[in-house]
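Q: Have a look at this one before I ask anything.
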Amino acid sequence: MPQNKQATAARLTRRSAILGLAGTALAGATLRSPPGARADFNLELEPPLRSRTRASGIRYGCAGAAPIVQPDRILLEKFAIEANIFSPEGALKWIQTEPLPGKFDFAEGDSIAAFAARNDMLMHGHTLVWYTANPDWVANLRTGQAAQAALERHINVEVSHYRRKIWAWDVVNEAIEPDDRLAEDYRDSVWLRCLGAGYIDLAFRLTRAVDPQVPLCLSEYGIEYVGPKPRRRRAALLALLRKLREQNTPVDCLSLQSHLEAHQTFDRAELTGFLREVVKLGYHLMITELDVNDCRIGGSPDQRDRATARHLAEYLDIVFAVAKPLSIATWGLSDRSTWLRQYWKRADGSPLRPLPLDADLKRKPMWAVLARYLAGQERQPT
Ligand code: 9MR
């Protein structure tokens with residue numbers, strides 16, 4: 001078999017393995033029809049999101065803190081009720097897993113793996129190679145030789161530690177940043193400075209060598225909306241994905257982070273065209289860090305919740321029209337715990353509401369949109 005065909009066959013085998021696993025993990029789950037448009041519909045009585053994913057094979061994940069450092073036990077319980085993937089929000093970042101050269105600490109990650117196994121969830125691998133969340137010794141690497149040695153050891157140890165416990169790895173996170181004004185719009189990072197753009201190919205090959213089965217993803221954000229910057233990001237990302245295919249780099253999947261902003265306008269035509277090209281190149285899609293920032297929209301909490309739900313439906317409509325993603329994961333589960341609240345403040349001073357459950361863990365309209373798409377019934381009921 002020619003190399004390209006072999007790579008495609010391997011990718012397809014990995015995909016069947018993933019989908020088979022989904023069936024097992026979800027066997028016995030209740031399946032009822034998704035919420036309709038009736039005004040008296042009580043979302044709280046609906047079966048959880050994870051139970052809706054059986055027929056479609058699309059999993060639902062959420063990101064959060066590791067159980068050993070999560071004081072909010074009720075929120076943690078909700079994770080297991082609603083989701084069948086657990087994404088470590090910080091537990092697998094380099095600063096956490098290898099704070100000193102060769103000194104590995106998997107305590108947080110292992111507590112996620114154990115929690116996931118107990119609750120019939122899978123664990124997402126986020127993330128191996130990033131420009132930030134690195135310890136000082138990594139940020140201060142200066143030579144290609146030192147950077148390559150660090151990358152090799154880190155990937156070898158971490159990926160073998162989690163072999164068969166991680167369902168997909170975000171191998172390289174956020175490789176594009178037009179504002180850095182570097183060639184091909186690559187993001188400035190210790191890896192780019194020491195190893196050149198070849199660090200991306202190297203990271204994927206190292207990971208594949210340690211775990212031949214696990215799907216490998218490139219993760220990116222900022223590609224959804226109208227405007228020169230998202231356009232440039234789409235173009236740079238597509239060029240990178242093309243190059244990786246030409247080089248036969250073992251990448252299976254594009255992780256669409258999907259940090260959405262309710263006040264922005266989707267570039268439906270260009271985003272559709274971009275996703276089509278990505279799928280044509282043979283990549284699967286995952287939605288990995290979904291939230292809908294409501295910082296710049298007005299109205300009551302209720303109106304805002306309806307607006308974020310509509311915005312999400314519009315987005316999922318665009319993605320699903322091109323290809324069903326393997327999974328949808330939100331970056332958090334409840335508005336009571338979201339990274340966005342640290343960075344964005346509303347003019348009216350009220351807290352952001354970007355996630356499917358509110359701060360009291362009640363399901364919001366966004367939850368209902370997710371329920372519909374996770375069940376594979378993407379169109380609005382009429
Ligand atoms: O939500 C994460 C936040 O708690 C961390 O402080 C931060 C740095 O490690 O990373 C945040 O998660 C980011 C993710 O890893 C990559 N895409 C953007 C996410 C939000 O910044």
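Residues in the structure tokens are numbered from 1 in each chain, the chains being A, B, ... in the order shown, and ligands are numbered from 1 in the order shown.
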Applying 12 Å and only C-alpha atoms, which residues near Pro230 in chain A remain after dropping the ones on its own chain fewer than 3 positions away? List them as a list in words.

A: Ile176, Glu177, Pro178, Asp179, Glu220, Tyr221, Gly222, Ile223, Glu224, Tyr225, Val226, Gly227, Arg233, Arg234, Ala235, Ala236, Leu237, Gln264, Thr265, Phe266, Asp267, Glu270, Leu271 and Phe274 of chain A

Q: Would you tabulate, counting only C-alpha atoms and all ligand atoms, all residues of chain A that have an atom at most 9 Å from an atom of ligand 1, showing the closest pair of atoms and their distance in Å to one decimal, sorted by chain then ascending number, as CSV?

A:
residue,atom,partner,partner_atom_place_in_ligand_line,distance
A:Ala63,CA,ligand 1,1 (O),8.2
A:Gly64,CA,ligand 1,1 (O),8.1
A:Ala65,CA,ligand 1,4 (O),8.4
A:Pro88,CA,ligand 1,15 (O),8.6
A:Glu89,CA,ligand 1,2 (C),5.4
A:Gly90,CA,ligand 1,9 (O),5.5
A:Ala91,CA,ligand 1,9 (O),9.0
A:Lys93,CA,ligand 1,9 (O),7.0
A:Ile95,CA,ligand 1,9 (O),8.6
A:His126,CA,ligand 1,15 (O),7.0
A:Thr127,CA,ligand 1,15 (O),7.3
A:Trp130,CA,ligand 1,16 (C),8.6
A:Thr132,CA,ligand 1,8 (C),7.2
A:Ala133,CA,ligand 1,9 (O),5.0
A:Asn134,CA,ligand 1,9 (O),8.7
A:Asn173,CA,ligand 1,16 (C),6.9
A:Glu174,CA,ligand 1,17 (N),7.5
A:Ser219,CA,ligand 1,17 (N),8.2
A:Glu220,CA,ligand 1,17 (N),7.7
A:Tyr221,CA,ligand 1,17 (N),7.3
A:Gln257,CA,ligand 1,17 (N),6.7
A:His259,CA,ligand 1,18 (C),7.8
A:Glu289,CA,ligand 1,17 (N),6.9
A:Trp331,CA,ligand 1,1 (O),7.0
A:Gly332,CA,ligand 1,1 (O),8.2
A:Thr338,CA,ligand 1,1 (O),7.1
A:Trp339,CA,ligand 1,1 (O),4.7
A:Leu340,CA,ligand 1,20 (C),7.6

Q: Would you work out the distance separating CA of Ala55 in chain A from CA of Ile318 in chain A, expressed in Å to one decimal?

A: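 About the pair CA of Ala55 in chain A and CA of Ile318 in chain A: they are 20.8 Å apart.
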
Q: Kindly give the distance, in Å, that separates CA of Pro47 in chain A and CA of Leu374 in chain A, rounded to a single decimal.

A: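 That distance, rounded to one decimal, is 12.4 Å.
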
Q: Any idea what's packed within 12 Å of Phe79 in chain A, counting only C-alpha atoms, ignoring anything in its chain fewer than 5 positions away? Could you give it as a ChimeraX atom specification?

A: /A:48-50,60-67,70,72-74,84-87,112,115-116,119-122,329-334,356-357,361

Q: Once you have the residues from the selection above, write them out as a compact mmCIF listing (two decimals), in the first residue's frame, restricted to C-alpha atoms.

A:
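out39.txt written:
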# COMPACT_ATOMS: atom_id res chain seq x y z
CA PRO A 48 -28.29 13.82 30.60
CA LEU A 49 -26.23 14.85 27.60
CA ARG A 50 -24.10 11.70 27.65
CA TYR A 60 -19.88 14.97 25.11
CA GLY A 61 -16.99 16.20 27.21
CA CYS A 62 -16.24 18.93 29.66
CA ALA A 63 -13.04 20.41 30.97
CA GLY A 64 -12.27 20.93 34.60
CA ALA A 65 -9.87 20.67 37.48
CA ALA A 66 -8.50 17.31 38.57
CA PRO A 67 -10.58 15.57 41.27
CA GLN A 70 -11.40 20.15 42.99
CA ASP A 72 -16.50 21.61 44.39
CA ARG A 73 -17.65 17.99 44.73
CA ILE A 74 -21.16 18.73 43.46
CA ASN A 84 -18.56 10.93 28.85
CA ILE A 85 -15.23 12.68 28.27
CA PHE A 86 -13.18 14.50 30.91
CA SER A 87 -10.77 17.14 29.57
CA ILE A 112 -8.68 12.36 36.31
CA PHE A 115 -12.33 9.32 37.99
CA ALA A 116 -12.96 8.81 34.29
CA ASN A 119 -17.54 6.84 35.77
CA ASP A 120 -17.32 5.25 32.36
CA MET A 121 -15.81 8.39 30.84
CA LEU A 122 -12.87 8.79 28.48
CA ALA A 329 -16.58 19.32 24.70
CA THR A 330 -17.36 22.49 26.63
CA TRP A 331 -14.57 24.30 28.49
CA GLY A 332 -16.21 23.86 31.86
CA LEU A 333 -19.75 22.78 32.58
CA SER A 334 -21.30 25.41 34.79
CA PRO A 356 -24.55 24.90 29.47
CA LEU A 357 -25.42 24.96 33.19
CA LEU A 361 -26.20 23.98 38.01

Q: Taking into account only C-alpha atoms, which residue in the set A:Asp348, A:Glu82, A:Glu98, A:Glu277 is nearest to Ala150 in chain A?

A: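 For Ala150 in chain A, the nearest of the given residues is A:Glu98.
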
Q: Using only C-alpha atoms, can you tell me which of A:Asp201, A:Asp294, A:Glu246, A:Asp136 comes closest to Arg341 in chain A?

A: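 Using only C-alpha atoms, the shortest distance to Arg341 in chain A belongs to A:Asp294.
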
Q: I'd like to know which residues of range 71-287 of chain A are strand (DSSP E) (by DSSP, run on the backbone); could you write them as number ranges by chain?

A: A: 85-88, 122-129, 166-173, 216-220, 253-256, 259-261, 284-287

Q: Report the closest atom pair, with its distance in Å rounded to one decimal, for each residue of range 201-231 of chain A that has an atom no farther than 10 Å from range 160-171 of chain A; count only C-alpha atoms, sort by chain and then rising residue number, and write it as a tab-separated table.

A:
residue	atom	partner	partner_atom	distance
A:Ala203	CA	A:Val171	CA	6.9
A:Phe204	CA	A:Val171	CA	6.4
A:Arg205	CA	A:Val171	CA	10.0
A:Leu206	CA	A:Val171	CA	9.8
A:Thr207	CA	A:Val171	CA	7.5
A:Arg208	CA	A:Val171	CA	9.9
A:Val210	CA	A:Ser160	CA	6.3
A:Asp211	CA	A:Arg163	CA	6.5
A:Pro212	CA	A:Arg163	CA	9.6
A:Gln213	CA	A:Arg164	CA	8.5
A:Val214	CA	A:Ala168	CA	5.6
A:Pro215	CA	A:Ala168	CA	4.8
A:Leu216	CA	A:Trp169	CA	5.1
A:Cys217	CA	A:Asp170	CA	4.7
A:Leu218	CA	A:Asp170	CA	5.8
A:Ser219	CA	A:Asp170	CA	6.0
A:Glu220	CA	A:Asp170	CA	9.7

Q: To one decimal in Å, tell me the separation between CA of Ala147 in chain A and CA of Leu195 in chain A.

A: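 Here the two named atoms are 7.2 Å from each other.
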
Q: What's around Val278 in chain A at 9 Å? Count only C-alpha atoms, leave out sequence neighbours fewer than 4 positions away in its own chain, and write the answer as a ChimeraX atom specification.

A: /A:238,241-242,254,273-274,282-285

Q: Of the residues A:Asp252, A:Glu261, A:Glu152, A:Glu44, which is the one nearest to Cys295 in chain A, using only C-alpha atoms?

A: A:Glu261

Q: Considering only C-alpha atoms, can you say which of A:Thr308, A:Gln303, A:Ser189, A:Thr288 comes closest to Leu326 in chain A?

A: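 Closest to Leu326 in chain A, using only C-alpha atoms: A:Thr288.
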
Q: For a quick check of understanding, using only C-alpha atoms, which of A:Ile81, A:Ile200, A:Ala146, A:Leu182 has the smallest distance to Leu128 in chain A?

A: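 Closest to Leu128 in chain A, using only C-alpha atoms: A:Ile200.
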
Q: Taking only C-alpha atoms into account, which of A:Leu202, A:Ala80, A:Trp94, A:Arg306 comes nearest Val251 in chain A?

A: A:Leu202

Q: Taking the DSSP secondary structure from the backbone, can you list the residues of range 44-216 of chain A that are alpha helix (DSSP H), as a ChimeraX atom specification?

A: /A:73-82,94-97,107-118,136-139,144-161,190-195,198-210
